[in-house]
$ cat query22.pdb   # PDB, C-alpha atoms
ATOM      1  CA  MET A  29     -49.477 335.688  51.205
ATOM      2  CA  ALA A  30     -45.991 335.168  52.598
ATOM      3  CA  LEU A  31     -43.812 337.430  54.698
ATOM      4  CA  LYS A  32     -41.069 339.491  53.082
ATOM      5  CA  GLN A  33     -37.706 340.172  54.713
ATOM      6  CA  PHE A  34     -34.916 342.413  53.455
ATOM      7  CA  ASN A  35     -31.148 342.414  53.237
ATOM      8  CA  PRO A  36     -29.830 344.542  56.148
ATOM      9  CA  VAL A  37     -28.312 347.282  53.991
ATOM     10  CA  THR A  38     -29.692 349.846  56.464
ATOM     11  CA  PRO A  39     -30.349 349.531  60.212
ATOM     12  CA  SER A  40     -34.113 349.785  59.738
ATOM     13  CA  LEU A  41     -34.234 347.069  57.073
ATOM     14  CA  ARG A  42     -32.510 344.643  59.416
ATOM     15  CA  ALA A  43     -35.683 344.284  61.475
ATOM     16  CA  THR A  44     -38.308 345.051  58.814
ATOM     17  CA  VAL A  45     -40.794 342.261  58.073
ATOM     18  CA  LEU A  46     -43.683 343.052  55.714
ATOM     19  CA  VAL A  47     -46.432 341.094  53.981
ATOM     20  CA  GLU A  48     -45.660 340.057  50.419
ATOM     21  CA  ARG A  49     -48.280 341.756  48.234
ATOM     22  CA  SER A  50     -47.035 340.837  44.769
ATOM     23  CA  ASP A  51     -50.259 338.928  44.008
ATOM     24  CA  LEU A  52     -52.434 342.006  44.560
ATOM     25  CA  HIS A  53     -53.607 344.448  41.913
ATOM     26  CA  LYS A  54     -50.902 347.045  41.234
ATOM     27  CA  GLY A  55     -53.079 349.754  39.670
ATOM     28  CA  LYS A  56     -55.563 352.228  41.082
ATOM     29  CA  PRO A  57     -58.931 351.216  42.573
ATOM     30  CA  VAL A  58     -62.236 351.593  40.739
ATOM     31  CA  LYS A  59     -62.933 355.318  40.992
ATOM     32  CA  GLU A  60     -66.724 354.892  41.262
ATOM     33  CA  LEU A  61     -66.221 352.696  44.347
ATOM     34  CA  THR A  62     -64.048 355.202  46.213
ATOM     35  CA  GLU A  63     -64.499 358.570  47.838
ATOM     36  CA  GLY A  64     -62.150 361.185  49.239
ATOM     37  CA  MET A  65     -61.393 361.212  52.951
ATOM     38  CA  HIS A  66     -60.263 364.161  55.038
ATOM     39  CA  SER A  67     -57.602 363.406  57.612
ATOM     40  CA  THR A  68     -58.594 364.841  60.991
ATOM     41  CA  GLY A  69     -55.188 364.629  62.642
ATOM     42  CA  GLY A  70     -57.066 363.766  65.837
ATOM     43  CA  ARG A  71     -58.884 367.134  65.894
ATOM     44  CA  ASN A  72     -62.611 367.749  66.257
ATOM     45  CA  ASN A  73     -64.699 370.381  64.460
ATOM     46  CA  GLN A  74     -63.341 373.049  66.815
ATOM     47  CA  GLY A  75     -59.745 372.225  65.983
ATOM     48  CA  ARG A  76     -59.050 370.757  69.411
ATOM     49  CA  THR A  77     -57.138 367.521  69.848
ATOM     50  CA  THR A  78     -59.539 364.796  70.959
ATOM     51  CA  SER A  79     -57.393 361.790  69.939
ATOM     52  CA  ARG A  80     -53.726 362.153  70.773
ATOM     53  CA  PHE A  81     -50.742 360.920  68.762
ATOM     54  CA  MET A  82     -52.484 361.091  65.375
ATOM     55  CA  GLY A  83     -51.378 363.149  62.396
ATOM     56  CA  GLY A  84     -49.649 363.185  59.035
ATOM     57  CA  GLY A  85     -49.791 360.026  56.998
ATOM     58  CA  HIS A  86     -50.061 359.416  53.286
ATOM     59  CA  LYS A  87     -53.044 360.682  51.332
ATOM     60  CA  ARG A  88     -55.653 357.938  50.898
ATOM     61  CA  ARG A  89     -58.981 357.284  49.183
ATOM     62  CA  TYR A  90     -61.665 355.350  51.007
ATOM     63  CA  ARG A  91     -62.911 352.163  49.313
ATOM     64  CA  LEU A  92     -66.673 351.630  49.572
ATOM     65  CA  VAL A  93     -66.828 348.042  50.800
ATOM     66  CA  ASP A  94     -70.170 346.213  50.675
ATOM     67  CA  PHE A  95     -70.552 344.860  54.205
ATOM     68  CA  LYS A  96     -74.271 344.147  53.707
ATOM     69  CA  ARG A  97     -73.953 341.912  50.609
ATOM     70  CA  LYS A  98     -77.266 343.472  49.620
ATOM     71  CA  LYS A  99     -77.421 342.008  46.096
ATOM     72  CA  ARG A 100     -78.961 338.594  46.757
ATOM     73  CA  ASP A 101     -79.110 335.501  44.517
ATOM     74  CA  ALA A 102     -76.777 337.128  41.983
ATOM     75  CA  VAL A 103     -73.594 335.222  41.173
ATOM     76  CA  ALA A 104     -70.469 337.389  41.000
ATOM     77  CA  THR A 105     -66.985 336.666  39.707
ATOM     78  CA  VAL A 106     -63.874 337.787  41.585
ATOM     79  CA  GLU A 107     -61.978 340.119  39.261
ATOM     80  CA  ARG A 108     -58.937 340.766  41.464
ATOM     81  CA  LEU A 109     -57.671 341.226  45.017
ATOM     82  CA  GLU A 110     -56.591 344.687  46.140
ATOM     83  CA  TYR A 111     -54.822 346.431  48.993
ATOM     84  CA  ASP A 112     -56.972 348.718  51.131
ATOM     85  CA  PRO A 113     -55.109 351.471  53.035
ATOM     86  CA  TYR A 114     -57.972 351.850  55.524
ATOM     87  CA  ARG A 115     -57.978 348.259  56.801
ATOM     88  CA  THR A 116     -55.598 345.412  57.576
ATOM     89  CA  ALA A 117     -57.503 342.906  55.426
ATOM     90  CA  PHE A 118     -57.365 342.738  51.644
ATOM     91  CA  ILE A 119     -60.465 343.455  49.580
ATOM     92  CA  ALA A 120     -61.814 341.723  46.475
ATOM     93  CA  LEU A 121     -63.352 343.408  43.453
ATOM     94  CA  ILE A 122     -66.340 341.361  42.281
ATOM     95  CA  LYS A 123     -68.394 341.707  39.107
ATOM     96  CA  TYR A 124     -72.021 340.593  38.951
ATOM     97  CA  GLU A 125     -73.568 339.052  35.853
ATOM     98  CA  ASP A 126     -75.302 342.347  35.033
ATOM     99  CA  GLY A 127     -71.952 344.154  35.037
ATOM    100  CA  GLU A 128     -72.217 345.840  38.442
ATOM    101  CA  LEU A 129     -68.946 346.097  40.396
ATOM    102  CA  ALA A 130     -68.524 345.958  44.179
ATOM    103  CA  TYR A 131     -65.842 345.566  46.797
ATOM    104  CA  ILE A 132     -66.106 342.898  49.520
ATOM    105  CA  LEU A 133     -63.754 341.747  52.247
ATOM    106  CA  ALA A 134     -61.500 339.071  50.785
ATOM    107  CA  PRO A 135     -61.511 335.808  52.763
ATOM    108  CA  GLN A 136     -58.562 333.452  52.828
ATOM    109  CA  ARG A 137     -58.117 331.169  49.782
ATOM    110  CA  LEU A 138     -60.240 333.415  47.574
ATOM    111  CA  LYS A 139     -58.599 334.151  44.219
ATOM    112  CA  ALA A 140     -59.401 335.797  40.904
ATOM    113  CA  GLY A 141     -61.906 333.844  38.845
ATOM    114  CA  ASP A 142     -63.794 332.366  41.804
ATOM    115  CA  LYS A 143     -67.595 332.662  41.983
ATOM    116  CA  VAL A 144     -69.314 334.112  45.056
ATOM    117  CA  VAL A 145     -72.977 334.624  45.886
ATOM    118  CA  ALA A 146     -75.108 336.018  48.695
ATOM    119  CA  SER A 147     -78.266 333.952  49.091
ATOM    120  CA  GLU A 148     -80.578 332.264  51.574
ATOM    121  CA  GLN A 149     -79.068 328.938  50.531
ATOM    122  CA  ALA A 150     -75.530 328.764  49.157
ATOM    123  CA  ASP A 151     -72.547 326.425  49.119
ATOM    124  CA  ILE A 152     -70.242 326.533  52.119
ATOM    125  CA  LYS A 153     -67.253 328.035  50.333
ATOM    126  CA  PRO A 154     -65.160 331.148  51.085
ATOM    127  CA  GLY A 155     -66.846 334.373  50.022
ATOM    128  CA  ASN A 156     -70.442 333.127  50.004
ATOM    129  CA  ALA A 157     -72.834 334.930  52.350
ATOM    130  CA  MET A 158     -76.034 333.602  53.909
ATOM    131  CA  PRO A 159     -78.028 333.703  57.155
ATOM    132  CA  LEU A 160     -76.404 331.921  60.078
ATOM    133  CA  LYS A 161     -79.487 329.728  60.564
ATOM    134  CA  ASN A 162     -78.804 328.081  57.186
ATOM    135  CA  MET A 163     -75.169 327.233  57.925
ATOM    136  CA  PRO A 164     -74.046 323.909  59.401
ATOM    137  CA  VAL A 165     -72.631 323.930  62.916
ATOM    138  CA  GLY A 166     -68.848 324.272  62.900
ATOM    139  CA  THR A 167     -68.672 326.697  59.968
ATOM    140  CA  ILE A 168     -65.948 329.362  60.086
ATOM    141  CA  VAL A 169     -67.439 332.786  59.318
ATOM    142  CA  HIS A 170     -66.535 336.482  59.233
ATOM    143  CA  ASN A 171     -68.245 339.845  58.563
ATOM    144  CA  ILE A 172     -71.105 338.932  60.898
ATOM    145  CA  GLU A 173     -74.169 341.101  61.411
ATOM    146  CA  ILE A 174     -75.193 341.980  64.960
ATOM    147  CA  LYS A 175     -78.534 343.430  63.883
ATOM    148  CA  LEU A 176     -80.408 342.276  60.806
ATOM    149  CA  GLY A 177     -79.801 344.529  57.815
ATOM    150  CA  ARG A 178     -77.127 346.665  59.466
ATOM    151  CA  GLY A 179     -74.228 344.935  57.711
ATOM    152  CA  GLY A 180     -71.323 342.957  59.069
ATOM    153  CA  GLN A 181     -69.669 344.311  62.208
ATOM    154  CA  ILE A 182     -67.919 341.343  63.827
ATOM    155  CA  ALA A 183     -64.691 339.705  62.553
ATOM    156  CA  ARG A 184     -63.649 342.142  59.829
ATOM    157  CA  SER A 185     -59.953 342.621  60.609
ATOM    158  CA  ALA A 186     -57.073 340.679  59.045
ATOM    159  CA  GLY A 187     -57.064 336.991  60.002
ATOM    160  CA  CYS A 188     -60.185 337.256  62.177
ATOM    161  CA  TYR A 189     -62.978 334.704  62.192
ATOM    162  CA  ALA A 190     -65.715 333.256  64.375
ATOM    163  CA  GLN A 191     -67.030 329.708  64.576
ATOM    164  CA  LEU A 192     -70.683 328.751  64.589
ATOM    165  CA  ILE A 193     -70.911 326.334  67.516
ATOM    166  CA  GLY A 194     -74.669 325.934  67.905
ATOM    167  CA  LYS A 195     -78.185 327.015  67.000
ATOM    168  CA  ASP A 196     -81.068 327.257  69.448
ATOM    169  CA  SER A 197     -84.402 329.096  69.736
ATOM    170  CA  GLY A 198     -83.801 331.289  66.704
ATOM    171  CA  TYR A 199     -80.330 332.324  67.803
ATOM    172  CA  ALA A 200     -76.895 331.290  66.543
ATOM    173  CA  GLN A 201     -74.080 330.737  69.031
ATOM    174  CA  LEU A 202     -70.665 332.026  67.993
ATOM    175  CA  ARG A 203     -67.186 331.620  69.418
ATOM    176  CA  LEU A 204     -65.142 334.727  68.592
ATOM    177  CA  SER A 205     -61.371 334.969  68.181
ATOM    178  CA  SER A 206     -61.123 336.602  71.611
ATOM    179  CA  GLY A 207     -62.705 333.534  73.242
ATOM    180  CA  GLU A 208     -66.022 335.275  73.855
ATOM    181  CA  LEU A 209     -69.165 333.212  73.352
ATOM    182  CA  ARG A 210     -71.998 335.291  71.937
ATOM    183  CA  ILE A 211     -75.432 334.761  70.405
ATOM    184  CA  VAL A 212     -76.919 336.643  67.459
ATOM    185  CA  ARG A 213     -80.199 336.227  65.628
ATOM    186  CA  GLY A 214     -80.195 333.345  63.171
ATOM    187  CA  GLU A 215     -81.479 335.648  60.406
ATOM    188  CA  CYS A 216     -78.288 337.738  60.567
ATOM    189  CA  VAL A 217     -76.023 337.309  57.567
ATOM    190  CA  ALA A 218     -72.385 336.229  57.714
ATOM    191  CA  THR A 219     -69.760 335.349  55.129
ATOM    192  CA  VAL A 220     -68.067 331.942  55.002
ATOM    193  CA  GLY A 221     -64.343 331.756  55.703
ATOM    194  CA  ALA A 222     -61.716 333.657  57.691
ATOM    195  CA  VAL A 223     -60.567 337.148  56.738
ATOM    196  CA  SER A 224     -57.520 337.385  54.478
ATOM    197  CA  ASN A 225     -53.992 338.502  55.402
ATOM    198  CA  PRO A 226     -53.481 336.494  58.619
ATOM    199  CA  ASP A 227     -49.759 337.348  58.511
ATOM    200  CA  ASN A 228     -50.594 340.944  59.382
ATOM    201  CA  GLN A 229     -49.883 340.140  63.033
ATOM    202  CA  ASN A 230     -46.262 339.264  62.162
ATOM    203  CA  ILE A 231     -45.418 342.614  60.560
ATOM    204  CA  ASN A 232     -42.448 344.547  61.946
ATOM    205  CA  TYR A 233     -42.428 348.065  60.518
ATOM    206  CA  GLY A 234     -38.740 348.464  61.267
ATOM    207  CA  LYS A 235     -38.566 352.230  61.697
ATOM    208  CA  ALA A 236     -40.506 355.148  63.120
ATOM    209  CA  GLY A 237     -40.848 356.791  59.717
ATOM    210  CA  ARG A 238     -43.010 353.970  58.403
ATOM    211  CA  MET A 239     -45.438 354.541  61.274
ATOM    212  CA  ARG A 240     -45.560 358.238  60.373
ATOM    213  CA  TRP A 241     -46.588 357.230  56.831
ATOM    214  CA  LEU A 242     -49.536 355.423  58.437
ATOM    215  CA  GLY A 243     -50.592 358.514  60.398
ATOM    216  CA  PHE A 244     -49.184 357.660  63.835
ATOM    217  CA  ARG A 245     -47.321 360.369  65.749
ATOM    218  CA  PRO A 246     -44.904 359.579  68.596
ATOM    219  CA  HIS A 247     -46.625 358.238  71.684
ATOM    220  CA  ASN A 248     -45.392 359.834  74.911
ATOM    221  CA  ARG A 249     -45.735 358.067  78.255
ATOM    222  CA  GLY A 250     -47.505 359.892  81.040
ATOM    223  CA  VAL A 251     -44.660 359.287  83.524
ATOM    224  CA  SER A 252     -42.239 361.085  81.199
ATOM    225  CA  MET A 253     -44.322 364.288  81.280
ATOM    226  CA  ASN A 254     -44.463 367.142  83.753
ATOM    227  CA  PRO A 255     -47.143 367.275  86.467
ATOM    228  CA  VAL A 256     -48.938 370.048  84.570
ATOM    229  CA  ASP A 257     -49.367 367.755  81.569
ATOM    230  CA  HIS A 258     -50.320 364.419  83.119
ATOM    231  CA  PRO A 259     -51.376 363.048  86.531
ATOM    232  CA  LEU A 260     -48.500 360.533  86.394
ATOM    233  CA  GLY A 261     -45.878 363.145  85.482
ATOM    234  CA  GLY A 262     -43.107 364.661  87.595
ATOM    235  CA  GLY A 263     -41.158 363.335  90.548
ATOM    236  CA  GLU A 264     -37.509 362.436  91.003
ATOM    237  CA  GLY A 265     -36.857 359.315  88.987
ATOM    238  CA  LYS A 266     -39.764 357.082  88.094
ATOM    239  CA  THR A 267     -42.922 357.503  90.169
ATOM    240  CA  SER A 268     -46.420 356.188  89.641
ATOM    241  CA  GLY A 269     -48.200 359.310  90.861
ATOM    242  CA  GLY A 270     -49.576 357.661  93.999
ATOM    243  CA  ARG A 271     -52.845 356.727  92.361
ATOM    244  CA  HIS A 272     -54.286 354.225  89.946
ATOM    245  CA  PRO A 273     -53.406 354.985  86.306
ATOM    246  CA  VAL A 274     -55.591 357.673  84.790
ATOM    247  CA  THR A 275     -55.785 359.699  81.600
ATOM    248  CA  PRO A 276     -54.651 363.353  81.509
ATOM    249  CA  TRP A 277     -58.267 364.223  82.322
ATOM    250  CA  GLY A 278     -58.497 361.951  85.373
ATOM    251  CA  LYS A 279     -60.491 359.107  83.839
ATOM    252  CA  PRO A 280     -59.417 355.658  85.134
ATOM    253  CA  THR A 281     -57.589 353.477  82.645
ATOM    254  CA  LYS A 282     -55.644 350.208  82.401
ATOM    255  CA  GLY A 283     -58.315 347.792  83.579
ATOM    256  CA  LYS A 284     -61.281 350.041  84.277
ATOM    257  CA  ARG A 285     -64.435 348.515  82.788
ATOM    258  CA  THR A 286     -65.865 350.861  80.163
ATOM    259  CA  ARG A 287     -68.833 348.852  78.905
ATOM    260  CA  THR A 288     -71.966 350.981  79.182
ATOM    261  CA  ASN A 289     -74.577 349.192  77.038
ATOM    262  CA  LYS A 290     -75.778 346.645  79.570
ATOM    263  CA  LYS A 291     -78.796 345.775  77.404
ATOM    264  CA  THR A 292     -76.634 343.680  75.081
ATOM    265  CA  GLN A 293     -75.031 341.790  77.938
ATOM    266  CA  ARG A 294     -77.706 339.116  77.578
ATOM    267  CA  LEU A 295     -76.230 338.251  74.175
ATOM    268  CA  VAL A 296     -72.855 337.372  75.709
ATOM    269  CA  ILE A 297     -72.778 333.802  77.027
ATOM    270  CA  ARG A 298     -69.176 333.885  78.232
ATOM    271  CA  SER A 299     -66.973 336.973  78.495
ATOM    272  CA  ARG A 300     -63.637 337.065  76.739
ATOM    273  CA  HIS A 301     -62.058 337.868  80.117
ATOM    274  CA  LEU A 302     -63.335 334.629  81.595
ATOM    275  CA  ALA A 303     -62.122 332.729  78.524
ATOM    276  CA  LYS A 304     -58.551 333.877  79.192
ATOM    277  CA  LYS A 305     -58.684 332.555  82.759
ATOM    278  CA  ALA A 306     -60.076 329.167  81.730
TER     279      ALA A 306
END

$ encode --input "query22.pdb" --output "structure tokens"
Amino acid sequence: MALKQFNPVTPSLRATVLVERSDLHKGKPVKELTEGMHSTGGRNNQGRTTSRFMGGGHKRRYRLVDFKRKKRDAVATVERLEYDPYRTAFIALIKYEDGELAYILAPQRLKAGDKVVASEQADIKPGNAMPLKNMPVGTIVHNIEIKLGRGGQIARSAGCYAQLIGKDSGYAQLRLSSGELRIVRGECVATVGAVSNPDNQNINYGKAGRMRWLGFRPHNRGVSMNPVDHPLGGGEGKTSGGRHPVTPWGKPTKGKRTRTNKKTQRLVIRSRHLAKKA
């Protein structure tokens, strides 16, 4: 997919850069593979704001994407590619030989009419899913399971991928887009290829109103608030508050390590932070 620019007939269009989606399906999704979603507006079940700067946005239906690829050894044909309002990647509607329909994440270079399969042994082609232990070293993969049977959790966003760089002692070694080196069990399933829509990172929405359509409300800086509203607020001119940056509730931010599950640290060979320094 290419990028689309506009004639500057309005100030906002002068800067707007969007992804060309003319090749995607223009109709509605398959109703049986969708469900209604309630927009929270950042509120919890008591009506209190727990996530700031969220609200509004266009009404959307959630597409039920098959991250587990649970139907094994069944060849499916790609019917069409579709836009998904809940994710940056495109999705593909596939039809199995018995007539069952499903949505999967669309990898790059996948098009209508292609055949895909999830199996223990499959060809190394975009859209096919198989255990990491059966893939050759160097394969580009996405939608990677962390725990067997849970479904893909790593590399699901637009343009993301990981590379299989080694296999040892029942584990597969992966290099993620962030630079992190991580190991997962070789039995975990992944899909061949990189996620579609890599040009998503080059989008310029052009105006505030387009962000409101996506559900984002204006984001206010802490230093622009009053002292009653934020620890960094108040003062004549610009002041930093005399302390390290914190949230309105006093929790450290901007660099504070928040990782709490130390048990999974053994699965990380090299941190993404160390990769940036190298």

$ resolve_selection --input "query22.pdb" --expression "the PyMOL selection byres ((chain A and resi 141-143) around 9)" --output "NGL selection string"
:A and (103-108 or 122 or 138-140 or 144-145 or 155-156)

$ write_last_selection --input "query22.pdb" --atoms "C-alpha atoms" --output "PDB file, in the coordinates of the input"
ATOM      1  CA  VAL A 103     -73.594 335.222  41.173  1.00  0.00           C
ATOM      2  CA  ALA A 104     -70.469 337.389  41.000  1.00  0.00           C
ATOM      3  CA  THR A 105     -66.985 336.666  39.707  1.00  0.00           C
ATOM      4  CA  VAL A 106     -63.874 337.787  41.585  1.00  0.00           C
ATOM      5  CA  GLU A 107     -61.978 340.119  39.261  1.00  0.00           C
ATOM      6  CA  ARG A 108     -58.937 340.766  41.464  1.00  0.00           C
ATOM      7  CA  ILE A 122     -66.340 341.361  42.281  1.00  0.00           C
ATOM      8  CA  LEU A 138     -60.240 333.415  47.574  1.00  0.00           C
ATOM      9  CA  LYS A 139     -58.599 334.151  44.219  1.00  0.00           C
ATOM     10  CA  ALA A 140     -59.401 335.797  40.904  1.00  0.00           C
ATOM     11  CA  VAL A 144     -69.314 334.112  45.056  1.00  0.00           C
ATOM     12  CA  VAL A 145     -72.977 334.624  45.886  1.00  0.00           C
ATOM     13  CA  GLY A 155     -66.846 334.373  50.022  1.00  0.00           C
ATOM     14  CA  ASN A 156     -70.442 333.127  50.004  1.00  0.00           C
TER      15      ASN A 156
END

$ residues_around --input "query22.pdb" --residues "Arg294 of chain A" --least-positions-apart "5" --cutoff "12 Å" --atoms "all atoms listed in the file" --output "list in words"
Leu209, Arg210, Ile211, Val212, Asn289 and Ser299 of chain A

$ atom_distance --input "query22.pdb" --atom1 "atom CA of Glu60 of chain A" --atom2 "atom CA of Ala130 of chain A"
9.6 Å

$ closest_residue --input "query22.pdb" --among "A:Gly64, A:Arg300, A:Gly234, A:Asp196" --to "Thr38 of chain A" --atoms "only C-alpha atoms"
A:Gly234

$ residues_around --input "query22.pdb" --residues "segment 203-205 of chain A" --least-positions-apart "2" --cutoff "12 Å" --atoms "all atoms listed in the file" --output "tab-separated table (two decimals) with C-alpha atoms, in the coordinates of the input"
chain	number	residue	atom	x	y	z
A	165	VAL	CA	-72.63	323.93	62.92
A	166	GLY	CA	-68.85	324.27	62.90
A	167	THR	CA	-68.67	326.70	59.97
A	168	ILE	CA	-65.95	329.36	60.09
A	169	VAL	CA	-67.44	332.79	59.32
A	170	HIS	CA	-66.54	336.48	59.23
A	171	ASN	CA	-68.24	339.84	58.56
A	172	ILE	CA	-71.10	338.93	60.90
A	182	ILE	CA	-67.92	341.34	63.83
A	183	ALA	CA	-64.69	339.70	62.55
A	184	ARG	CA	-63.65	342.14	59.83
A	185	SER	CA	-59.95	342.62	60.61
A	186	ALA	CA	-57.07	340.68	59.04
A	187	GLY	CA	-57.06	336.99	60.00
A	188	CYS	CA	-60.18	337.26	62.18
A	189	TYR	CA	-62.98	334.70	62.19
A	190	ALA	CA	-65.72	333.26	64.38
A	191	GLN	CA	-67.03	329.71	64.58
A	192	LEU	CA	-70.68	328.75	64.59
A	193	ILE	CA	-70.91	326.33	67.52
A	194	GLY	CA	-74.67	325.93	67.90
A	200	ALA	CA	-76.90	331.29	66.54
A	201	GLN	CA	-74.08	330.74	69.03
A	207	GLY	CA	-62.70	333.53	73.24
A	208	GLU	CA	-66.02	335.28	73.86
A	209	LEU	CA	-69.17	333.21	73.35
A	210	ARG	CA	-72.00	335.29	71.94
A	211	ILE	CA	-75.43	334.76	70.40
A	212	VAL	CA	-76.92	336.64	67.46
A	222	ALA	CA	-61.72	333.66	57.69
A	223	VAL	CA	-60.57	337.15	56.74
A	296	VAL	CA	-72.86	337.37	75.71
A	297	ILE	CA	-72.78	333.80	77.03
A	298	ARG	CA	-69.18	333.88	78.23
A	299	SER	CA	-66.97	336.97	78.50
A	300	ARG	CA	-63.64	337.06	76.74
A	303	ALA	CA	-62.12	332.73	78.52
A	304	LYS	CA	-58.55	333.88	79.19

$ atom_distance --input "query22.pdb" --atom1 "atom CA of Pro259 of chain A" --atom2 "atom CA of Pro273 of chain A"
8.3 Å

$ closest_residue --input "query22.pdb" --among "A:Gly278, A:Gly127, A:Gly75, A:Gly270" --to "His258 of chain A" --atoms "all atoms listed in the file"
A:Gly278

$ resolve_selection --input "query22.pdb" --expression "the PyMOL selection byres ((chain A and resi 34) around 12)" --output "mmCIF file with C-alpha atoms, keeping the file's coordinate frame"
data_model
loop_
_atom_site.group_PDB
_atom_site.id
_atom_site.type_symbol
_atom_site.label_atom_id
_atom_site.label_comp_id
_atom_site.auth_asym_id
_atom_site.auth_seq_id
_atom_site.Cartn_x
_atom_site.Cartn_y
_atom_site.Cartn_z
ATOM 1 C CA LEU A 31 -43.812 337.430 54.698
ATOM 2 C CA LYS A 32 -41.069 339.491 53.082
ATOM 3 C CA GLN A 33 -37.706 340.172 54.713
ATOM 4 C CA ASN A 35 -31.148 342.414 53.237
ATOM 5 C CA PRO A 36 -29.830 344.542 56.148
ATOM 6 C CA VAL A 37 -28.312 347.282 53.991
ATOM 7 C CA THR A 38 -29.692 349.846 56.464
ATOM 8 C CA PRO A 39 -30.349 349.531 60.212
ATOM 9 C CA SER A 40 -34.113 349.785 59.738
ATOM 10 C CA LEU A 41 -34.234 347.069 57.073
ATOM 11 C CA ARG A 42 -32.510 344.643 59.416
ATOM 12 C CA ALA A 43 -35.683 344.284 61.475
ATOM 13 C CA THR A 44 -38.308 345.051 58.814
ATOM 14 C CA VAL A 45 -40.794 342.261 58.073
ATOM 15 C CA LEU A 46 -43.683 343.052 55.714
ATOM 16 C CA VAL A 47 -46.432 341.094 53.981
ATOM 17 C CA GLU A 48 -45.660 340.057 50.419
ATOM 18 C CA ASN A 232 -42.448 344.547 61.946
ATOM 19 C CA TYR A 233 -42.428 348.065 60.518
ATOM 20 C CA GLY A 234 -38.740 348.464 61.267
#

$ residues_around --input "query22.pdb" --residues "Pro255 of chain A" --least-positions-apart "3" --cutoff "12 Å" --atoms "all atoms listed in the file" --output "ChimeraX atom specification"
/A:250-252,258-264,267-269,276

$ write_last_selection --input "query22.pdb" --atoms "C-alpha atoms" --output "CSV table (one decimal), in the frame of the given file"
chain,number,residue,atom,x,y,z
A,250,GLY,CA,-47.5,359.9,81.0
A,251,VAL,CA,-44.7,359.3,83.5
A,252,SER,CA,-42.2,361.1,81.2
A,258,HIS,CA,-50.3,364.4,83.1
A,259,PRO,CA,-51.4,363.0,86.5
A,260,LEU,CA,-48.5,360.5,86.4
A,261,GLY,CA,-45.9,363.1,85.5
A,262,GLY,CA,-43.1,364.7,87.6
A,263,GLY,CA,-41.2,363.3,90.5
A,264,GLU,CA,-37.5,362.4,91.0
A,267,THR,CA,-42.9,357.5,90.2
A,268,SER,CA,-46.4,356.2,89.6
A,269,GLY,CA,-48.2,359.3,90.9
A,276,PRO,CA,-54.7,363.4,81.5

$ resolve_selection --input "query22.pdb" --expression "the PyMOL selection byres ((chain A and resi 85-95) around 10)" --output "PyMOL selection string"
chain A and resi 57-67+69+82-84+96-99+111-115+119-121+130-133+171-173+177-181+184+217-219+237-245

$ residues_around --input "query22.pdb" --residues "Ala102 of chain A" --least-positions-apart "6" --cutoff "8 Å" --atoms "all atoms listed in the file" --output "list in words"
Tyr124, Glu125, Val145, Ala146 and Ser147 of chain A

$ write_last_selection --input "query22.pdb" --atoms "C-alpha atoms" --output "mmCIF file, keeping the file's coordinate frame"
data_model
loop_
_atom_site.group_PDB
_atom_site.id
_atom_site.type_symbol
_atom_site.label_atom_id
_atom_site.label_comp_id
_atom_site.auth_asym_id
_atom_site.auth_seq_id
_atom_site.Cartn_x
_atom_site.Cartn_y
_atom_site.Cartn_z
ATOM 1 C CA TYR A 124 -72.021 340.593 38.951
ATOM 2 C CA GLU A 125 -73.568 339.052 35.853
ATOM 3 C CA VAL A 145 -72.977 334.624 45.886
ATOM 4 C CA ALA A 146 -75.108 336.018 48.695
ATOM 5 C CA SER A 147 -78.266 333.952 49.091
#

$ atom_distance --input "query22.pdb" --atom1 "atom CA of Gln149 of chain A" --atom2 "atom CA of Pro135 of chain A"
19.0 Å

$ closest_residue --input "query22.pdb" --among "A:Gln293, A:Asn73, A:Ile174, A:Asn228" --to "Pro159 of chain A" --atoms "all atoms listed in the file"
A:Ile174

$ axis_aligned_box --input "query22.pdb" --around "segment 204-221 of chain A" --padding-each-side "8 Å" --output "lines of an AutoDock Vina configuration file"
center_x = -71.3
center_y = 334.7
center_z = 64.4
size_x = 36.4
size_y = 22.0
size_z = 34.9

$ residues_near_point --input "query22.pdb" --point "(-83.8, 332.4, 65.0)" --cutoff "10 Å" --atoms "only C-alpha atoms" --output "PyMOL selection string"
chain A and resi 159-161+195-200+212-216
